[in-house]
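Asks: Here you go, structure.cif (mmCIF, C-alpha atoms):
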data_protein
loop_
_atom_site.group_PDB
_atom_site.id
_atom_site.type_symbol
_atom_site.label_atom_id
_atom_site.label_comp_id
_atom_site.auth_asym_id
_atom_site.auth_seq_id
_atom_site.Cartn_x
_atom_site.Cartn_y
_atom_site.Cartn_z
ATOM 1 C CA MET A 1 192.220 -37.984 7.457
ATOM 2 C CA TYR A 2 195.570 -37.839 9.242
ATOM 3 C CA ILE A 3 195.518 -40.073 12.318
ATOM 4 C CA VAL A 4 197.851 -39.282 15.213
ATOM 5 C CA THR A 5 197.970 -41.930 17.917
ATOM 6 C CA GLY A 6 199.119 -40.663 21.279
ATOM 7 C CA GLY A 7 197.878 -37.382 19.866
ATOM 8 C CA ALA A 8 197.434 -35.742 23.265
ATOM 9 C CA GLY A 9 200.863 -36.831 24.462
ATOM 10 C CA PHE A 10 204.192 -35.075 24.145
ATOM 11 C CA ILE A 11 205.427 -35.878 20.629
ATOM 12 C CA GLY A 12 201.923 -36.671 19.364
ATOM 13 C CA SER A 13 200.419 -33.293 20.267
ATOM 14 C CA ALA A 14 203.492 -31.540 18.884
ATOM 15 C CA MET A 15 202.874 -33.400 15.628
ATOM 16 C CA VAL A 16 199.261 -32.200 15.579
ATOM 17 C CA TRP A 17 200.713 -28.692 16.017
ATOM 18 C CA LYS A 18 203.062 -29.314 13.074
ATOM 19 C CA LEU A 19 200.224 -30.553 10.880
ATOM 20 C CA ASN A 20 198.330 -27.360 11.712
ATOM 21 C CA GLN A 21 201.381 -25.344 10.589
ATOM 22 C CA MET A 22 201.238 -27.311 7.333
ATOM 23 C CA GLY A 23 197.603 -26.261 6.872
ATOM 24 C CA ILE A 24 196.193 -29.656 7.849
ATOM 25 C CA ASP A 25 193.155 -29.776 10.159
ATOM 26 C CA ASP A 26 191.619 -33.103 9.088
ATOM 27 C CA ILE A 27 193.171 -34.900 12.035
ATOM 28 C CA LEU A 28 191.866 -37.729 14.195
ATOM 29 C CA VAL A 29 193.471 -37.722 17.651
ATOM 30 C CA VAL A 30 193.708 -41.174 19.234
ATOM 31 C CA ASP A 31 194.628 -41.386 22.903
ATOM 32 C CA ASN A 32 193.590 -42.387 26.410
ATOM 33 C CA LEU A 33 193.038 -39.159 28.341
ATOM 34 C CA ALA A 34 191.695 -40.816 31.513
ATOM 35 C CA GLU A 35 192.319 -38.519 34.496
ATOM 36 C CA SER A 36 195.575 -37.057 33.208
ATOM 37 C CA ASP A 37 196.237 -33.452 32.199
ATOM 38 C CA LYS A 38 197.103 -34.439 28.628
ATOM 39 C CA TRP A 39 193.894 -32.808 27.382
ATOM 40 C CA LYS A 40 195.530 -29.419 27.966
ATOM 41 C CA ASN A 41 197.949 -30.165 25.120
ATOM 42 C CA LEU A 42 194.995 -30.170 22.703
ATOM 43 C CA VAL A 43 193.295 -26.931 23.731
ATOM 44 C CA ASN A 44 195.292 -24.687 21.381
ATOM 45 C CA LEU A 45 195.276 -27.097 18.438
ATOM 46 C CA ARG A 46 192.936 -27.750 15.509
ATOM 47 C CA TYR A 47 191.710 -31.273 14.806
ATOM 48 C CA GLU A 48 188.575 -32.950 13.452
ATOM 49 C CA ASP A 49 187.813 -35.486 16.164
ATOM 50 C CA TYR A 50 189.060 -37.486 19.148
ATOM 51 C CA ILE A 51 188.610 -41.197 19.788
ATOM 52 C CA HIS A 52 189.670 -43.369 22.718
ATOM 53 C CA LYS A 53 192.424 -45.816 21.781
ATOM 54 C CA ASN A 54 190.342 -48.879 22.677
ATOM 55 C CA GLN A 55 187.521 -47.838 20.368
ATOM 56 C CA PHE A 56 190.055 -47.111 17.646
ATOM 57 C CA TYR A 57 191.574 -50.592 18.061
ATOM 58 C CA LYS A 58 188.147 -52.157 17.516
ATOM 59 C CA LEU A 59 187.583 -50.205 14.319
ATOM 60 C CA ILE A 60 191.011 -51.107 12.973
ATOM 61 C CA LEU A 61 190.542 -54.781 13.803
ATOM 62 C CA GLU A 62 187.468 -54.842 11.578
ATOM 63 C CA GLY A 63 189.803 -54.263 8.651
ATOM 64 C CA GLU A 64 187.862 -51.434 7.030
ATOM 65 C CA ASP A 65 188.969 -47.824 6.715
ATOM 66 C CA PRO A 66 186.114 -45.549 7.780
ATOM 67 C CA PHE A 67 188.500 -42.593 7.976
ATOM 68 C CA GLU A 68 189.793 -42.443 4.377
ATOM 69 C CA THR A 69 193.239 -42.430 5.949
ATOM 70 C CA GLU A 70 196.012 -40.428 4.335
ATOM 71 C CA ALA A 71 198.594 -41.222 7.017
ATOM 72 C CA VAL A 72 198.984 -42.675 10.493
ATOM 73 C CA ILE A 73 201.587 -41.021 12.708
ATOM 74 C CA HIS A 74 201.918 -43.589 15.482
ATOM 75 C CA MET A 75 203.275 -41.932 18.625
ATOM 76 C CA GLY A 76 201.016 -43.813 21.034
ATOM 77 C CA ALA A 77 203.003 -46.170 23.263
ATOM 78 C CA CYS A 78 204.237 -46.682 26.786
ATOM 79 C CA SER A 79 207.434 -44.600 26.839
ATOM 80 C CA SER A 80 208.580 -45.437 30.350
ATOM 81 C CA THR A 81 212.077 -46.913 30.322
ATOM 82 C CA THR A 82 211.442 -48.325 33.804
ATOM 83 C CA GLU A 83 208.209 -50.192 32.973
ATOM 84 C CA LEU A 84 208.572 -53.792 34.181
ATOM 85 C CA ASP A 85 205.359 -55.327 32.802
ATOM 86 C CA ALA A 86 206.824 -57.061 29.760
ATOM 87 C CA ASP A 87 203.498 -58.502 28.585
ATOM 88 C CA TYR A 88 201.963 -55.024 28.594
ATOM 89 C CA LEU A 89 204.844 -53.635 26.529
ATOM 90 C CA MET A 90 204.594 -56.546 24.109
ATOM 91 C CA GLU A 91 200.936 -55.820 23.448
ATOM 92 C CA ASN A 92 200.921 -52.029 23.682
ATOM 93 C CA ASN A 93 204.209 -51.231 21.941
ATOM 94 C CA TYR A 94 204.868 -54.200 19.674
ATOM 95 C CA ARG A 95 201.659 -56.007 18.671
ATOM 96 C CA TYR A 96 199.596 -52.860 18.289
ATOM 97 C CA THR A 97 202.253 -51.241 16.095
ATOM 98 C CA GLN A 98 202.218 -54.332 13.891
ATOM 99 C CA MET A 99 198.445 -54.071 13.548
ATOM 100 C CA LEU A 100 198.546 -50.396 12.581
ATOM 101 C CA CYS A 101 201.322 -51.043 10.093
ATOM 102 C CA ARG A 102 199.305 -53.757 8.358
ATOM 103 C CA PHE A 103 196.277 -51.451 8.297
ATOM 104 C CA CYS A 104 198.267 -48.735 6.540
ATOM 105 C CA LEU A 105 199.824 -51.115 4.031
ATOM 106 C CA ASN A 106 196.426 -52.607 3.209
ATOM 107 C CA HIS A 107 194.903 -49.162 2.655
ATOM 108 C CA LYS A 108 197.931 -47.542 0.989
ATOM 109 C CA ALA A 109 198.330 -44.990 3.769
ATOM 110 C CA ARG A 110 201.619 -43.497 4.972
ATOM 111 C CA PHE A 111 202.866 -45.057 8.228
ATOM 112 C CA ILE A 112 205.318 -43.238 10.508
ATOM 113 C CA THR A 113 206.082 -44.805 13.875
ATOM 114 C CA ALA A 114 208.266 -44.038 16.885
ATOM 115 C CA SER A 115 211.196 -46.279 17.648
ATOM 116 C CA SER A 116 213.810 -45.181 20.175
ATOM 117 C CA ALA A 117 217.513 -44.664 20.820
ATOM 118 C CA ALA A 118 216.960 -47.111 23.684
ATOM 119 C CA THR A 119 217.285 -49.854 21.041
ATOM 120 C CA TYR A 120 221.038 -49.128 20.939
ATOM 121 C CA GLY A 121 221.557 -50.381 24.480
ATOM 122 C CA ASP A 122 224.856 -49.339 26.068
ATOM 123 C CA GLY A 123 226.122 -47.910 22.784
ATOM 124 C CA LYS A 124 229.044 -50.320 22.395
ATOM 125 C CA LEU A 125 227.772 -51.233 18.936
ATOM 126 C CA GLY A 126 227.451 -47.599 17.920
ATOM 127 C CA PHE A 127 224.413 -45.570 16.911
ATOM 128 C CA SER A 128 224.080 -46.323 13.217
ATOM 129 C CA ASP A 129 220.579 -46.525 11.726
ATOM 130 C CA ASP A 130 221.811 -48.745 8.904
ATOM 131 C CA HIS A 131 219.389 -51.648 8.525
ATOM 132 C CA LYS A 132 222.215 -54.183 8.356
ATOM 133 C CA GLY A 133 223.201 -53.661 11.980
ATOM 134 C CA ALA A 134 219.712 -53.832 13.506
ATOM 135 C CA GLU A 135 219.859 -57.550 14.296
ATOM 136 C CA LYS A 136 222.926 -57.096 16.520
ATOM 137 C CA LEU A 137 221.513 -54.439 18.850
ATOM 138 C CA LYS A 138 220.897 -55.354 22.496
ATOM 139 C CA PRO A 139 218.556 -52.949 24.362
ATOM 140 C CA MET A 140 219.099 -52.683 28.115
ATOM 141 C CA ASN A 141 215.442 -52.313 29.102
ATOM 142 C CA MET A 142 212.129 -53.824 28.080
ATOM 143 C CA TYR A 143 210.905 -50.557 26.581
ATOM 144 C CA GLY A 144 213.825 -50.486 24.145
ATOM 145 C CA TYR A 145 213.329 -54.165 23.376
ATOM 146 C CA SER A 146 209.637 -53.642 22.528
ATOM 147 C CA LYS A 147 210.681 -51.001 19.988
ATOM 148 C CA GLN A 148 213.478 -53.172 18.636
ATOM 149 C CA LEU A 149 211.083 -56.071 18.040
ATOM 150 C CA PHE A 150 208.907 -54.061 15.673
ATOM 151 C CA ASP A 151 211.898 -52.887 13.657
ATOM 152 C CA LEU A 152 213.151 -56.462 13.333
ATOM 153 C CA TRP A 153 209.695 -57.710 12.344
ATOM 154 C CA ALA A 154 209.376 -55.080 9.603
ATOM 155 C CA LEU A 155 212.874 -55.812 8.311
ATOM 156 C CA ARG A 156 212.298 -59.576 8.206
ATOM 157 C CA ALA A 157 208.945 -59.068 6.499
ATOM 158 C CA GLY A 158 210.642 -56.945 3.827
ATOM 159 C CA ILE A 159 208.354 -53.948 4.393
ATOM 160 C CA MET A 160 210.636 -51.481 6.193
ATOM 161 C CA ASP A 161 211.193 -49.360 3.084
ATOM 162 C CA SER A 162 207.399 -48.885 2.855
ATOM 163 C CA LEU A 163 207.202 -47.142 6.248
ATOM 164 C CA VAL A 164 209.256 -44.878 8.505
ATOM 165 C CA SER A 165 210.546 -45.917 11.933
ATOM 166 C CA LEU A 166 212.153 -43.036 13.811
ATOM 167 C CA LYS A 167 214.718 -43.591 16.563
ATOM 168 C CA PHE A 168 214.232 -40.568 18.809
ATOM 169 C CA PHE A 169 217.129 -39.616 21.052
ATOM 170 C CA ASN A 170 216.687 -37.319 24.125
ATOM 171 C CA VAL A 171 213.680 -35.237 23.090
ATOM 172 C CA PHE A 172 212.610 -32.175 25.086
ATOM 173 C CA GLY A 173 210.225 -29.284 24.620
ATOM 174 C CA PRO A 174 206.715 -27.970 25.260
ATOM 175 C CA ASN A 175 203.741 -30.271 25.912
ATOM 176 C CA GLU A 176 205.660 -32.724 28.106
ATOM 177 C CA TYR A 177 204.308 -31.289 31.380
ATOM 178 C CA HIS A 178 202.019 -34.266 32.067
ATOM 179 C CA LYS A 179 204.793 -36.880 31.983
ATOM 180 C CA GLY A 180 205.760 -36.946 35.668
ATOM 181 C CA ASP A 181 209.143 -38.602 36.200
ATOM 182 C CA MET A 182 209.524 -39.039 32.431
ATOM 183 C CA LYS A 183 209.678 -35.280 31.823
ATOM 184 C CA SER A 184 212.934 -33.974 30.408
ATOM 185 C CA VAL A 185 215.607 -32.747 32.797
ATOM 186 C CA ILE A 186 215.159 -29.239 31.364
ATOM 187 C CA CYS A 187 211.503 -29.217 32.365
ATOM 188 C CA LYS A 188 212.350 -30.470 35.861
ATOM 189 C CA ALA A 189 215.316 -28.106 36.183
ATOM 190 C CA PHE A 190 213.277 -25.005 35.426
ATOM 191 C CA LYS A 191 211.099 -25.686 38.455
ATOM 192 C CA GLN A 192 214.005 -26.818 40.628
ATOM 193 C CA ILE A 193 216.112 -23.748 39.860
ATOM 194 C CA GLY A 194 213.140 -21.459 40.355
ATOM 195 C CA GLU A 195 212.438 -22.917 43.802
ATOM 196 C CA THR A 196 215.965 -23.553 45.138
ATOM 197 C CA GLY A 197 218.349 -21.615 42.917
ATOM 198 C CA GLU A 198 220.373 -24.751 42.157
ATOM 199 C CA MET A 199 220.243 -27.813 39.929
ATOM 200 C CA LYS A 200 221.133 -31.372 40.863
ATOM 201 C CA LEU A 201 222.709 -33.816 38.434
ATOM 202 C CA PHE A 202 223.799 -37.441 38.825
ATOM 203 C CA ARG A 203 227.347 -38.188 39.833
ATOM 204 C CA SER A 204 229.279 -40.375 37.459
ATOM 205 C CA HIS A 205 229.937 -43.932 38.584
ATOM 206 C CA ARG A 206 232.530 -44.523 35.890
ATOM 207 C CA GLU A 207 236.118 -43.265 36.020
ATOM 208 C CA ASP A 208 236.090 -42.206 32.368
ATOM 209 C CA TYR A 209 233.288 -39.656 32.936
ATOM 210 C CA LYS A 210 233.364 -36.723 35.346
ATOM 211 C CA ASP A 211 230.304 -35.846 37.428
ATOM 212 C CA GLY A 212 227.702 -34.407 35.080
ATOM 213 C CA GLY A 213 229.965 -35.293 32.182
ATOM 214 C CA GLN A 214 227.759 -38.079 30.900
ATOM 215 C CA LYS A 215 226.764 -37.218 27.332
ATOM 216 C CA ARG A 216 223.466 -37.424 25.477
ATOM 217 C CA ASP A 217 222.149 -36.289 22.127
ATOM 218 C CA PHE A 218 219.522 -33.733 23.187
ATOM 219 C CA VAL A 219 217.055 -32.887 20.405
ATOM 220 C CA TYR A 220 214.280 -30.283 20.410
ATOM 221 C CA ILE A 221 210.708 -31.371 19.759
ATOM 222 C CA LYS A 222 210.259 -28.759 17.014
ATOM 223 C CA ASP A 223 213.097 -30.347 15.056
ATOM 224 C CA CYS A 224 211.554 -33.801 15.534
ATOM 225 C CA VAL A 225 208.185 -32.803 14.088
ATOM 226 C CA ASP A 226 209.878 -30.932 11.232
ATOM 227 C CA VAL A 227 211.484 -34.238 10.247
ATOM 228 C CA MET A 228 208.150 -36.066 10.454
ATOM 229 C CA GLY A 229 206.500 -33.372 8.362
ATOM 230 C CA TRP A 230 209.223 -33.824 5.768
ATOM 231 C CA PHE A 231 208.589 -37.564 5.617
ATOM 232 C CA LEU A 232 204.899 -36.878 4.999
ATOM 233 C CA GLU A 233 205.855 -34.641 2.086
ATOM 234 C CA ASN A 234 208.302 -37.251 0.750
ATOM 235 C CA PRO A 235 206.364 -40.535 0.715
ATOM 236 C CA ASP A 236 209.037 -42.260 -1.371
ATOM 237 C CA LYS A 237 211.410 -42.218 1.589
ATOM 238 C CA GLY A 238 211.246 -45.156 3.982
ATOM 239 C CA GLY A 239 213.267 -47.086 6.537
ATOM 240 C CA ILE A 240 214.797 -46.647 9.984
ATOM 241 C CA TYR A 241 216.124 -43.170 10.719
ATOM 242 C CA ASN A 242 217.765 -41.579 13.732
ATOM 243 C CA ILE A 243 216.301 -38.338 15.046
ATOM 244 C CA GLY A 244 218.956 -36.442 16.974
ATOM 245 C CA THR A 245 221.310 -33.541 16.444
ATOM 246 C CA GLY A 246 224.329 -35.737 15.806
ATOM 247 C CA GLN A 247 226.200 -33.991 18.621
ATOM 248 C CA ALA A 248 226.516 -35.404 22.126
ATOM 249 C CA ARG A 249 226.492 -32.818 24.917
ATOM 250 C CA GLU A 250 227.230 -33.094 28.631
ATOM 251 C CA TRP A 251 224.518 -32.850 31.258
ATOM 252 C CA ASN A 252 226.629 -29.996 32.608
ATOM 253 C CA ASP A 253 226.132 -28.163 29.301
ATOM 254 C CA LEU A 254 222.397 -28.693 29.555
ATOM 255 C CA ALA A 255 222.336 -27.361 33.116
ATOM 256 C CA ARG A 256 224.282 -24.254 32.155
ATOM 257 C CA SER A 257 221.927 -23.631 29.225
ATOM 258 C CA VAL A 258 218.915 -23.644 31.577
ATOM 259 C CA PHE A 259 220.574 -21.214 33.995
ATOM 260 C CA ALA A 260 221.499 -18.943 31.067
ATOM 261 C CA ALA A 261 217.945 -19.002 29.690
ATOM 262 C CA MET A 262 216.655 -18.055 33.143
ATOM 263 C CA GLY A 263 219.214 -15.266 33.500
ATOM 264 C CA LYS A 264 220.890 -16.894 36.504
ATOM 265 C CA GLU A 265 224.437 -17.875 37.414
ATOM 266 C CA PRO A 266 225.021 -21.669 37.366
ATOM 267 C CA ASP A 267 224.830 -23.481 40.713
ATOM 268 C CA ILE A 268 225.164 -27.211 40.065
ATOM 269 C CA SER A 269 225.481 -29.981 42.663
ATOM 270 C CA TYR A 270 225.742 -33.751 42.238
ATOM 271 C CA ILE A 271 223.868 -36.659 43.803
ATOM 272 C CA ASP A 272 224.371 -40.418 43.640
ATOM 273 C CA MET A 273 222.614 -42.241 40.843
ATOM 274 C CA PRO A 274 220.017 -44.714 42.183
ATOM 275 C CA GLU A 275 221.415 -48.233 42.252
ATOM 276 C CA SER A 276 218.325 -49.491 40.424
ATOM 277 C CA ILE A 277 219.376 -47.741 37.201
ATOM 278 C CA ARG A 278 223.183 -47.713 37.421
ATOM 279 C CA ASP A 279 223.636 -50.893 35.389
ATOM 280 C CA LYS A 280 221.187 -49.724 32.720
ATOM 281 C CA TYR A 281 222.303 -46.108 32.421
ATOM 282 C CA GLN A 282 223.476 -44.822 29.039
ATOM 283 C CA TYR A 283 226.602 -42.716 29.562
ATOM 284 C CA PHE A 284 226.848 -41.693 25.915
ATOM 285 C CA THR A 285 224.413 -41.369 23.025
ATOM 286 C CA GLN A 286 224.998 -39.629 19.711
ATOM 287 C CA ALA A 287 222.853 -40.142 16.666
ATOM 288 C CA GLU A 288 224.502 -40.833 13.333
ATOM 289 C CA MET A 289 222.604 -38.489 11.024
ATOM 290 C CA LYS A 290 224.196 -39.141 7.634
ATOM 291 C CA LYS A 291 221.375 -41.407 6.474
ATOM 292 C CA LEU A 292 218.706 -38.728 7.003
ATOM 293 C CA HIS A 293 220.836 -36.071 5.320
ATOM 294 C CA ASP A 294 221.580 -38.383 2.401
ATOM 295 C CA ALA A 295 217.833 -38.964 2.025
ATOM 296 C CA GLY A 296 217.471 -35.223 1.377
ATOM 297 C CA TYR A 297 216.618 -33.643 4.719
ATOM 298 C CA ASN A 298 218.889 -30.616 5.070
ATOM 299 C CA LYS A 299 217.280 -28.286 7.614
ATOM 300 C CA PRO A 300 219.758 -27.533 10.463
ATOM 301 C CA PHE A 301 218.837 -28.720 13.950
ATOM 302 C CA MET A 302 218.721 -26.145 16.743
ATOM 303 C CA THR A 303 221.669 -26.004 19.130
ATOM 304 C CA LEU A 304 221.114 -27.066 22.722
ATOM 305 C CA GLU A 305 221.493 -23.468 23.880
ATOM 306 C CA ASP A 306 219.053 -22.001 21.333
ATOM 307 C CA ALA A 307 216.480 -24.738 21.877
ATOM 308 C CA THR A 308 216.684 -24.421 25.664
ATOM 309 C CA LYS A 309 216.243 -20.648 25.435
ATOM 310 C CA ASP A 310 213.138 -21.051 23.249
ATOM 311 C CA TYR A 311 211.670 -23.693 25.560
ATOM 312 C CA VAL A 312 212.354 -21.847 28.807
ATOM 313 C CA GLN A 313 211.482 -18.305 27.754
ATOM 314 C CA ASN A 314 208.621 -18.931 25.325
ATOM 315 C CA TYR A 315 206.937 -21.844 27.111
ATOM 316 C CA LEU A 316 208.044 -22.811 30.627
ATOM 317 C CA ALA A 317 208.065 -19.193 31.795
ATOM 318 C CA GLN A 318 204.649 -18.396 30.278
ATOM 319 C CA ASP A 319 201.200 -18.625 31.860
ATOM 320 C CA ASP A 320 199.996 -20.729 28.904
ATOM 321 C CA PRO A 321 203.019 -22.976 28.245
ATOM 322 C CA TYR A 322 201.533 -25.100 25.448
ATOM 323 C CA LEU A 323 202.152 -25.154 21.716
ATOM 324 C CA LYS A 324 199.688 -22.877 19.971
ATOM 325 C CA SER A 325 198.227 -23.340 16.523
ATOM 326 C CA ARG A 326 198.425 -20.396 14.144
#
Go ahead and express the file in the form of structure tokens.
Replies:
Amino acid sequence: MYIVTGGAGFIGSAMVWKLNQMGIDDILVVDNLAESDKWKNLVNLRYEDYIHKNQFYKLILEGEDPFETEAVIHMGACSSTTELDADYLMENNYRYTQMLCRFCLNHKARFITASSAATYGDGKLGFSDDHKGAEKLKPMNMYGYSKQLFDLWALRAGIMDSLVSLKFFNVFGPNEYHKGDMKSVICKAFKQIGETGEMKLFRSHREDYKDGGQKRDFVYIKDCVDVMGWFLENPDKGGIYNIGTGQAREWNDLARSVFAAMGKEPDISYIDMPESIRDKYQYFTQAEMKKLHDAGYNKPFMTLEDATKDYVQNYLAQDDPYLKSR
């Protein structure tokens, strides 16, 4: 059985889709659907069973493996960078990841977990996924810190090479529709442009960046799950790895790509960044990708323009905008 935690969420459901493309249907989806619309992400996918995360925790705590687990792809976590409940993040993002990791090691199952580019903080120390620099990183929010803590724990325990911890940069793509304010700017922009004809971006509050000139490493969800699929097929590879394109692009570039995909002329305006996030805002992120390439992964990542076109035209503009199993 392949277990995908957060399997109805954005990256999790996309990974179920990827497993289906790989011919794998023996999948246990772990999540907390509650009253959200996440269930819609599962409708077009093939999987064996679903279990609520609390029930799954209880089974794991018993120490046995009733699932005959081949791999756990752990995408289940609170991904809100503005979450202020530190105790909740400690338990949900850090302690629970530890528990799942031990479970996989004890039962010789593959363990792939989601870290985050938020661990790099303001970027002054660079964006290298070399293990030697992990201790020096200083995340700027509690979410990033909760991810950093697991990486440090695994490194200090000497087990990091036996698992995979993936530092996702700015991921976008289908199946993120349920995420509210945490949806990608592309997803929000499609609706905004459709309703008003224009797109709003944050002004820069630093002299070295023009308005909309802040840069991020935008990476398409299909590329992310391709990497995870590769790690499943190469169980000898382990460690911390960045997942990005390796090329920082301006928010202005992203905006223009959405307008182009919608067949419209760009109309971009700028608004002040909320004071609550100004001191924690990342003006530049760019994944160093040499480590992943050196490990043997050589599939090119989609350009921002090509990925945006696929997302807008084949998903956002469709009546059924979800990933579909073949």
Asks: Can you tell me, as a list in words, what residues are no more than 9 Å from A:Cys187 when counting only C-alpha atoms, ignoring any on the same chain fewer than 5 positions away?
Replies: Phe172, Gly173, Pro174, Glu176, Tyr177, Gln192, Tyr311, Val312 and Leu316 of chain A
Asks: Write to file, as a JSON list (two decimals), in the frame of the given file, the residues of the selection just made, with C-alpha atoms.
Replies:
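Generated output (selection.json):
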[["chain", "number", "residue", "atom", "x", "y", "z"],
["A", 172, "PHE", "CA", 212.61, -32.17, 25.09],
["A", 173, "GLY", "CA", 210.22, -29.28, 24.62],
["A", 174, "PRO", "CA", 206.72, -27.97, 25.26],
["A", 176, "GLU", "CA", 205.66, -32.72, 28.11],
["A", 177, "TYR", "CA", 204.31, -31.29, 31.38],
["A", 192, "GLN", "CA", 214.00, -26.82, 40.63],
["A", 311, "TYR", "CA", 211.67, -23.69, 25.56],
["A", 312, "VAL", "CA", 212.35, -21.85, 28.81],
["A", 316, "LEU", "CA", 208.04, -22.81, 30.63]]
Asks: Could you expand the PyMOL selection byres ((chain A and resi 171) around 7) into the explicit residues it covers here, written as a PyMOL selection string?
Replies: chain A and resi 168-170+172+218-221
Asks: When the PyMOL selection byres ((chain A and resi 206) around 12) is applied to the structure above, which residues does it catch, written out as a ChimeraX atom specification?
Replies: /A:202-205,207-214,272-273,278-279,281-284
Asks: Decode the PyMOL selection byres ((chain A and resi 41) around 12) for the given file into explicit residues and return them as a ChimeraX atom specification.
Replies: /A:6-17,29,31,33,36-40,42-46,174-179,320-325
Asks: Could you give me, as a ChimeraX atom specification, the residues within 10 Å of A:Pro235, counting all atoms listed in the file and dropping anything in the same chain fewer than 6 positions from it?
Replies: /A:109-111,162-164
Asks: Rank A:Ala317, A:Leu89, A:Leu254, A:Ile243 by their smallest atom-to-atom distance to A:His293, using all atoms listed in the file, and report the top residue only.
Replies: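 Among A:Ala317, A:Leu89, A:Leu254, A:Ile243, it is A:Ile243 that comes nearest to A:His293.
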Asks: So, counting all atoms listed in the file, which residue among A:Met22, A:Met182, A:Ala261, A:Ile268 is closest to A:Glu198?
Replies: A:Ile268
Asks: Could you tell me which of A:Met90, A:Ile271, A:Leu100, A:Leu105 comes closest to A:Leu149 if we count all atoms listed in the file?
Replies: A:Met90
Asks: Can you list, as a list in words, every protein, DNA or RNA residue that comes within 9 Å of A:Ala114 when you count only C-alpha atoms, leaving out same-chain residues fewer than 3 positions away?
Replies: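 So the residues in contact are Ile73, His74, Met75, Gly76, Ala77, Lys147, Val164, Ser165, Leu166, Lys167 and Phe168 of chain A.
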Asks: When you count only C-alpha atoms, which of these residues is closest to A:Ile51: A:Leu28, A:Gly133, A:Glu68, A:Glu35?
Replies: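 Checking each of A:Leu28, A:Gly133, A:Glu68, A:Glu35 against A:Ile51, counting only C-alpha atoms, the winner is A:Leu28.
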Asks: With distances taken over all atoms listed in the file, which of A:Asp306, A:Asp65, A:Asp130, A:Glu48 is nearest to A:Asn20?
Replies: A:Glu48
Asks: Calculated over only C-alpha atoms, which of the candidates A:Tyr297, A:Ile27, A:Lys136, A:Lys280 has the smallest distance to A:Glu233?
Replies: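 Checking each candidate against A:Glu233, we get A:Tyr297 as the closest.
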Asks: Would you work out the distance separating atom CA of A:Leu61 from atom CA of A:Phe103, expressed in Å to one decimal?
Replies: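 For atom CA of A:Leu61 relative to atom CA of A:Phe103, the distance reads 8.6 Å.
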Asks: What is the atom CA of A:Lys237-atom CA of A:Gln286 distance in Å, reported with one decimal?
Replies: 22.8 Å
Asks: Kindly give the distance, in Å, that separates atom CA of A:Tyr94 and atom CA of A:Ser146, rounded to a single decimal.
Replies: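 Atom-to-atom, atom CA of A:Tyr94 and atom CA of A:Ser146 are spaced 5.6 Å apart.
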Asks: Can you pull out every residue within 12 Å of A:Lys191, counting only C-alpha atoms, but drop anything in the same chain fewer than 2 positions away, and send it as a PyMOL selection string?
Replies: chain A and resi 177+183-189+193-200+258-259+262+312+316-317
Asks: Would you list the contacts of A:Thr69 as a PyMOL selection string, taking every protein, DNA or RNA residue within 8 Å and counting all atoms listed in the file, but skipping same-chain residues closer than 5 positions in sequence?
Replies: chain A and resi 1-3+107+109
Asks: Kindly list the centre and edge lengths in Å, rounded to one decimal, for the axis-aligned box that covers all listed atoms of stretch 27-34 of chain A plus 4 Å on each of its six sides, as AutoDock Vina command-line options.
Replies:
--center_x 193.2 --center_y -38.6 --center_z 21.8 --size_x 10.9 --size_y 15.5 --size_z 27.5
Asks: Using the incomplete input, complete stretch 118-127 of chain A to the level of N, CA and C atoms; output as a PDB file, in the coordinates of the input.
Replies:
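What follows is the written file part_38.pdb:
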ATOM      1  N   ALA A 118     216.783 -46.058  22.686  1.00  0.00           N
ATOM      2  CA  ALA A 118     216.960 -47.111  23.684  1.00  0.00           C
ATOM      3  C   ALA A 118     217.271 -48.460  23.037  1.00  0.00           C
ATOM      4  N   THR A 119     216.972 -48.611  21.741  1.00  0.00           N
ATOM      5  CA  THR A 119     217.285 -49.854  21.041  1.00  0.00           C
ATOM      6  C   THR A 119     218.792 -50.073  20.930  1.00  0.00           C
ATOM      7  N   TYR A 120     219.592 -49.012  21.081  1.00  0.00           N
ATOM      8  CA  TYR A 120     221.038 -49.128  20.939  1.00  0.00           C
ATOM      9  C   TYR A 120     221.724 -49.656  22.198  1.00  0.00           C
ATOM     10  N   GLY A 121     220.977 -49.832  23.266  1.00  0.00           N
ATOM     11  CA  GLY A 121     221.557 -50.381  24.480  1.00  0.00           C
ATOM     12  C   GLY A 121     222.650 -49.507  25.055  1.00  0.00           C
ATOM     13  N   ASP A 122     223.781 -50.098  25.426  1.00  0.00           N
ATOM     14  CA  ASP A 122     224.856 -49.339  26.068  1.00  0.00           C
ATOM     15  C   ASP A 122     225.712 -48.572  25.068  1.00  0.00           C
ATOM     16  N   GLY A 123     225.412 -48.683  23.799  1.00  0.00           N
ATOM     17  CA  GLY A 123     226.122 -47.910  22.784  1.00  0.00           C
ATOM     18  C   GLY A 123     227.410 -48.529  22.287  1.00  0.00           C
ATOM     19  N   LYS A 124     227.786 -49.695  22.808  1.00  0.00           N
ATOM     20  CA  LYS A 124     229.044 -50.320  22.395  1.00  0.00           C
ATOM     21  C   LYS A 124     229.058 -50.688  20.916  1.00  0.00           C
ATOM     22  N   LEU A 125     227.874 -50.890  20.353  1.00  0.00           N
ATOM     23  CA  LEU A 125     227.772 -51.233  18.936  1.00  0.00           C
ATOM     24  C   LEU A 125     227.543 -50.004  18.066  1.00  0.00           C
ATOM     25  N   GLY A 126     227.633 -48.830  18.679  1.00  0.00           N
ATOM     26  CA  GLY A 126     227.451 -47.599  17.920  1.00  0.00           C
ATOM     27  C   GLY A 126     225.995 -47.195  17.814  1.00  0.00           C
ATOM     28  N   PHE A 127     225.753 -46.136  17.043  1.00  0.00           N
ATOM     29  CA  PHE A 127     224.413 -45.570  16.911  1.00  0.00           C
ATOM     30  C   PHE A 127     224.047 -45.380  15.434  1.00  0.00           C
TER      31      PHE A 127
END
